[in-house]
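Colleague: Please see the structure below; I have some questions.
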Amino acid sequence: MTETQQLIKAITDGIQEKKGKQIVVVDLSNIGDTICQYFIICQGNSPSQVQAIAESVTDFTRKEAQVKPIAVDGLRNAEWVAMDYSNIIVHIFLPVAHDFYDIEHLWEDAQLTRLPDFD
């Protein structure tokens, strides 16, 4: 497993630990001029769940991949939290923001991998 694959697994494990929904891994690696190789997108049902998912992702990436985010933005209102892991950016949305921005469909040339929701 590559370092990137290990980091993706740690991020998705952290999201699933807090029951994040609609997890999508967007592979941008074959698209030129992108800011990163992957987006990982999910949603939480409330600002407190969005914050909990972000904290869980930080914990899992530190434990499983020995990596901390370079930057985290959006925790104050927790409608859309972005976590920068250099070649991976994690987006955690409230449902209304997720529907409005619909960022996974901005990259129609990218490979999308949807993970099942855990209840």
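Chain labels follow the order of the structure tokens: the first chain is A, the next B, and so on; residue numbering restarts at 1 in every chain, and ligands are counted from 1 in their shown order.
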Could you make a table, as a Markdown table, of the residues of stretch 20-83 of chain A that have an atom within 7 Å of an atom of stretch 6-12 of chain A, each with its nearest atom pair and distance in Å to one decimal, counting only C-alpha atoms, in chain and number order?

Modeller:
```
| residue | atom | partner | partner_atom | distance |
| --- | --- | --- | --- | --- |
| A:Val57 | CA | A:Ile11 | CA | 5.2 |
| A:Phe60 | CA | A:Ala10 | CA | 5.4 |
| A:Thr61 | CA | A:Ala10 | CA | 5.2 |
| A:Glu64 | CA | A:Ala10 | CA | 5.9 |
| A:Ala65 | CA | A:Leu7 | CA | 5.7 |
```

Colleague: Create the file for the chosen residues now, containing C-alpha atoms and written as a tab-separated table (two decimals), in the first residue's frame.

Modeller:
```
chain	number	residue	atom	x	y	z
A	57	VAL	CA	-9.98	12.39	10.49
A	60	PHE	CA	-6.94	8.64	12.35
A	61	THR	CA	-4.40	10.23	10.01
A	64	GLU	CA	-2.58	5.32	10.97
A	65	ALA	CA	-0.45	7.41	8.59
```

Colleague: At a cut-off of 10 Å, using only C-alpha atoms, what residues contact A:Ile92? Leave out same-chain residues fewer than 2 positions from it and give the result as a PyMOL selection string.

Modeller: chain A and resi 15+20-21+23+40-44+49-51+53-54+74-75+78-83+89-90+94-95+97-98

Colleague: What would the file look like if the residues just selected were written as a PDB file, in the first residue's frame with C-alpha atoms?

Modeller:
```pdb
ATOM      1  CA  ILE A  15     -15.060   9.694   8.444  1.00  0.00           C
ATOM      2  CA  GLY A  20     -20.075  10.521   7.836  1.00  0.00           C
ATOM      3  CA  LYS A  21     -22.318   9.951   4.816  1.00  0.00           C
ATOM      4  CA  ILE A  23     -18.220   9.490   1.029  1.00  0.00           C
ATOM      5  CA  ILE A  40     -12.325  13.113  -0.365  1.00  0.00           C
ATOM      6  CA  ILE A  41     -15.844  14.437   0.096  1.00  0.00           C
ATOM      7  CA  CYS A  42     -18.447  13.562   2.714  1.00  0.00           C
ATOM      8  CA  GLN A  43     -21.210  15.096   4.754  1.00  0.00           C
ATOM      9  CA  GLY A  44     -22.390  15.275   8.328  1.00  0.00           C
ATOM     10  CA  GLN A  49     -21.089  16.105  13.510  1.00  0.00           C
ATOM     11  CA  VAL A  50     -19.043  17.954  10.852  1.00  0.00           C
ATOM     12  CA  GLN A  51     -16.620  19.054  13.594  1.00  0.00           C
ATOM     13  CA  ILE A  53     -15.721  14.059  11.624  1.00  0.00           C
ATOM     14  CA  ALA A  54     -12.875  16.578  11.164  1.00  0.00           C
ATOM     15  CA  GLY A  74     -14.212  26.171   8.246  1.00  0.00           C
ATOM     16  CA  LEU A  75     -14.448  24.746  11.762  1.00  0.00           C
ATOM     17  CA  ALA A  78     -18.837  23.940  10.342  1.00  0.00           C
ATOM     18  CA  GLU A  79     -20.944  24.168   7.176  1.00  0.00           C
ATOM     19  CA  TRP A  80     -17.969  23.206   4.987  1.00  0.00           C
ATOM     20  CA  VAL A  81     -14.680  22.123   6.539  1.00  0.00           C
ATOM     21  CA  ALA A  82     -11.674  21.746   4.254  1.00  0.00           C
ATOM     22  CA  MET A  83      -8.630  19.805   5.444  1.00  0.00           C
ATOM     23  CA  ILE A  89      -7.990  17.668   0.303  1.00  0.00           C
ATOM     24  CA  VAL A  90     -10.852  16.522   2.517  1.00  0.00           C
ATOM     25  CA  LEU A  94     -23.517  19.976   5.825  1.00  0.00           C
ATOM     26  CA  PRO A  95     -26.150  18.582   3.407  1.00  0.00           C
ATOM     27  CA  ALA A  97     -23.762  23.141   1.391  1.00  0.00           C
ATOM     28  CA  HIS A  98     -22.956  19.768  -0.197  1.00  0.00           C
TER      29      HIS A  98
END
```

Colleague: Identify which of the residues A:Glu104, A:Gln37, A:Pro47, A:Asp109 lies closest to A:Asn77, counting only C-alpha atoms when measuring atom-to-atom distances.

Modeller: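 Answer, going by the shortest atom-to-atom distance: A:Pro47.
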
Colleague: Which residue is closest to A:Thr58? Choose from A:Ser29, A:Gln22, A:Thr2, A:Glu17 and count only C-alpha atoms.

Modeller: A:Glu17

Colleague: Go through stretch 25-119 of chain A and collect every residue that DSSP, computed from the backbone, puts in strand (DSSP E); the answer should be as a PyMOL selection string.

Modeller: chain A and resi 25-27+38-43+71-73+80-84+88-93+111-114

Colleague: Which is closest to A:Leu106 among A:Asp59, A:Phe39, A:Asn30, A:Gly14, if we use only C-alpha atoms?

Modeller: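 Comparing A:Asp59, A:Phe39, A:Asn30, A:Gly14 against A:Leu106, the winner is A:Phe39.
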
Colleague: So what do you get for atom CA of A:Asp99 versus atom CA of A:Asp117, distance-wise?

Modeller: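 One can read the atom CA of A:Asp99 to atom CA of A:Asp117 distance as 17.2 Å.
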